[in-house]
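To start, the structure under review is shown below, and the notes come after it.
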Amino acid sequence: MAKTFQDKTGAEVAVDLSESTQSYQITVADGTVAGHAYFLPGPDAETERIFHHTVVDEDFGGRGLSKILVAEALEDSRQRGITVVPVCPLFVKKLKETGDDYAAQGGKFRNATGADIDIVKRQV
């Protein structure tokens, strides 16, 4: 996957899926991993991801990396036909703001249920 983008400073960053950490990770030009958007398989493990935590190292703050990371995680999930279950506040906010457009482009998401929260509590 590894798509490249420019952050707010104009520096190149890349986002890719890391199956081993169950996250999308964002790296800066020198290859340093600057952040992750973590997910867990949902109740339908093959077609759902519960996004539960997004973090960007404070050394990279103010560069808009979390916005790039969330947007790319959503885009890749849309392309893969994965239903997004937002628990992380950044994903909740993004989908509140752009959920209609996301769905119009074929993206799927649903609100988290108690069962989803239980999955996160058990595994995190």
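Residues are named by chain letter and number: chains run A, B, ... in the order of the structure tokens, numbers start at 1 in each chain, and ligands are numbered from 1 in the order shown.
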All residues 9 Å or closer to region 67-80 of chain A, only C-alpha atoms, same chain fewer than 5 positions away omitted, as a VMD selection string: chain A and resid 1 3 5 to 7 15 to 17 23 to 26 35 to 37 47 49 54 90 to 91 94 102 to 103 105 to 108
Write out as a compact mmCIF listing (two decimals) with N, CA, C and O atoms, in the first residue's frame all residues of chain A that DSSP puts in strand (DSSP E) for this structure's backbone.
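Result file is part-v9.txt:
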# COMPACT_ATOMS: atom_id res chain seq x y z
N LYS A 3 1.37 4.69 0.53
CA LYS A 3 1.13 5.88 -0.29
C LYS A 3 1.86 7.05 0.35
O LYS A 3 1.97 7.13 1.57
N THR A 4 2.35 7.96 -0.47
CA THR A 4 3.06 9.12 0.06
C THR A 4 2.18 10.37 -0.02
O THR A 4 1.33 10.51 -0.89
N PHE A 5 2.42 11.25 0.94
CA PHE A 5 1.67 12.49 1.10
C PHE A 5 2.63 13.57 1.54
O PHE A 5 3.76 13.29 1.93
N GLN A 6 2.15 14.81 1.55
CA GLN A 6 2.92 15.91 2.13
C GLN A 6 2.20 16.39 3.38
O GLN A 6 0.98 16.57 3.38
N GLU A 12 7.62 15.01 2.99
CA GLU A 12 6.98 13.78 2.52
C GLU A 12 6.80 12.80 3.67
O GLU A 12 7.71 12.61 4.48
N VAL A 13 5.62 12.21 3.73
CA VAL A 13 5.31 11.17 4.70
C VAL A 13 4.63 10.03 3.95
O VAL A 13 4.10 10.22 2.85
N ALA A 14 4.67 8.83 4.53
CA ALA A 14 4.05 7.67 3.90
C ALA A 14 3.15 6.97 4.91
O ALA A 14 3.45 6.94 6.10
N VAL A 15 2.06 6.41 4.42
CA VAL A 15 1.14 5.64 5.25
C VAL A 15 1.05 4.24 4.67
O VAL A 15 0.89 4.08 3.46
N ASP A 16 1.18 3.25 5.55
CA ASP A 16 0.99 1.88 5.09
C ASP A 16 0.34 1.05 6.17
O ASP A 16 0.31 1.43 7.34
N LEU A 17 -0.19 -0.08 5.76
CA LEU A 17 -0.85 -1.01 6.66
C LEU A 17 0.18 -1.95 7.25
O LEU A 17 0.97 -2.56 6.52
N SER A 18 0.19 -2.06 8.57
CA SER A 18 1.07 -2.99 9.27
C SER A 18 0.20 -4.07 9.91
O SER A 18 -0.41 -3.84 10.95
N SER A 23 -2.32 -2.02 12.62
CA SER A 23 -2.44 -0.57 12.55
C SER A 23 -2.05 -0.07 11.17
O SER A 23 -1.40 -0.76 10.39
N TYR A 24 -2.48 1.14 10.91
CA TYR A 24 -1.92 1.91 9.80
C TYR A 24 -0.84 2.74 10.45
O TYR A 24 -1.03 3.28 11.55
N GLN A 25 0.31 2.82 9.80
CA GLN A 25 1.40 3.60 10.40
C GLN A 25 1.84 4.68 9.42
O GLN A 25 1.77 4.50 8.21
N ILE A 26 2.26 5.79 10.00
CA ILE A 26 2.74 6.90 9.20
C ILE A 26 4.22 7.08 9.50
O ILE A 26 4.64 7.06 10.65
N THR A 27 5.01 7.18 8.43
CA THR A 27 6.46 7.34 8.56
C THR A 27 6.88 8.64 7.90
O THR A 27 6.27 9.08 6.92
N VAL A 28 7.94 9.22 8.45
CA VAL A 28 8.50 10.44 7.86
C VAL A 28 9.60 10.03 6.88
O VAL A 28 9.93 8.85 6.75
N VAL A 33 8.94 5.81 12.16
CA VAL A 33 7.49 5.68 12.35
C VAL A 33 7.05 6.77 13.32
O VAL A 33 7.51 6.82 14.45
N ALA A 34 6.17 7.64 12.85
CA ALA A 34 5.73 8.79 13.65
C ALA A 34 4.40 8.55 14.35
O ALA A 34 4.07 9.26 15.30
N GLY A 35 3.63 7.56 13.89
CA GLY A 35 2.34 7.33 14.52
C GLY A 35 1.63 6.11 13.99
O GLY A 35 2.03 5.52 12.99
N HIS A 36 0.54 5.76 14.68
CA HIS A 36 -0.26 4.59 14.33
C HIS A 36 -1.75 4.89 14.52
O HIS A 36 -2.11 5.63 15.43
N ALA A 37 -2.57 4.26 13.70
CA ALA A 37 -4.02 4.20 13.91
C ALA A 37 -4.32 2.71 14.12
O ALA A 37 -4.28 1.92 13.18
N TYR A 38 -4.55 2.34 15.38
CA TYR A 38 -4.72 0.93 15.75
C TYR A 38 -6.16 0.46 15.55
O TYR A 38 -7.10 1.20 15.82
N PHE A 39 -6.28 -0.78 15.13
CA PHE A 39 -7.60 -1.39 14.97
C PHE A 39 -7.58 -2.83 15.45
O PHE A 39 -6.52 -3.44 15.62
N LEU A 40 -8.77 -3.35 15.69
CA LEU A 40 -8.98 -4.76 16.01
C LEU A 40 -10.04 -5.29 15.07
O LEU A 40 -10.90 -4.53 14.61
N PRO A 41 -10.01 -6.59 14.78
CA PRO A 41 -11.10 -7.15 13.98
C PRO A 41 -12.41 -7.01 14.73
O PRO A 41 -12.46 -7.18 15.95
N GLU A 48 -14.83 -6.30 9.13
CA GLU A 48 -14.96 -5.14 10.02
C GLU A 48 -13.65 -4.87 10.77
O GLU A 48 -12.96 -5.81 11.16
N ARG A 49 -13.39 -3.59 10.96
CA ARG A 49 -12.26 -3.16 11.80
C ARG A 49 -12.75 -2.13 12.80
O ARG A 49 -13.39 -1.15 12.42
N ILE A 50 -12.40 -2.36 14.06
CA ILE A 50 -12.72 -1.41 15.12
C ILE A 50 -11.49 -0.54 15.32
O ILE A 50 -10.45 -1.00 15.82
N PHE A 51 -11.56 0.72 14.92
CA PHE A 51 -10.45 1.64 15.12
C PHE A 51 -10.59 2.22 16.52
O PHE A 51 -11.55 2.93 16.83
N HIS A 52 -9.62 1.88 17.40
CA HIS A 52 -9.77 2.21 18.82
C HIS A 52 -8.75 3.20 19.36
O HIS A 52 -8.97 3.78 20.42
N HIS A 53 -7.65 3.44 18.65
CA HIS A 53 -6.65 4.37 19.21
C HIS A 53 -5.75 4.89 18.09
O HIS A 53 -5.27 4.12 17.27
N THR A 54 -5.56 6.19 18.08
CA THR A 54 -4.64 6.82 17.14
C THR A 54 -3.66 7.65 17.94
O THR A 54 -4.05 8.38 18.85
N VAL A 55 -2.39 7.50 17.61
CA VAL A 55 -1.35 8.22 18.33
C VAL A 55 -0.26 8.68 17.35
O VAL A 55 0.10 7.95 16.43
N VAL A 56 0.20 9.92 17.56
CA VAL A 56 1.35 10.45 16.83
C VAL A 56 2.35 10.93 17.86
O VAL A 56 2.00 11.62 18.82
N THR A 83 -15.83 -2.59 6.71
CA THR A 83 -16.70 -1.70 7.49
C THR A 83 -15.90 -1.15 8.66
O THR A 83 -15.30 -1.91 9.42
N VAL A 84 -15.87 0.16 8.78
CA VAL A 84 -15.15 0.85 9.85
C VAL A 84 -16.08 1.01 11.05
O VAL A 84 -17.23 1.45 10.90
N VAL A 85 -15.57 0.66 12.22
CA VAL A 85 -16.30 0.85 13.47
C VAL A 85 -15.46 1.82 14.31
O VAL A 85 -14.44 1.45 14.88
N PRO A 86 -15.85 3.10 14.35
CA PRO A 86 -15.04 4.09 15.04
C PRO A 86 -15.27 4.10 16.55
O PRO A 86 -16.38 4.30 17.00
N LYS A 108 -18.06 2.05 4.06
CA LYS A 108 -19.04 1.52 5.01
C LYS A 108 -18.55 1.76 6.43
O LYS A 108 -17.37 1.54 6.73
N PHE A 109 -19.45 2.21 7.28
CA PHE A 109 -19.13 2.36 8.70
C PHE A 109 -20.41 2.20 9.50
O PHE A 109 -21.51 2.31 8.97
Check the DSSP output for the backbone and give back, as a count of residues only, the residues of region 31-117 of chain A in helix (DSSP H, G or I). 39
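Minimum distance to Ala45 (chain A) across A:Ile82, A:Val124, A:Ala115, A:Lys8 (counting only C-alpha atoms) occurs at A:Ile82.
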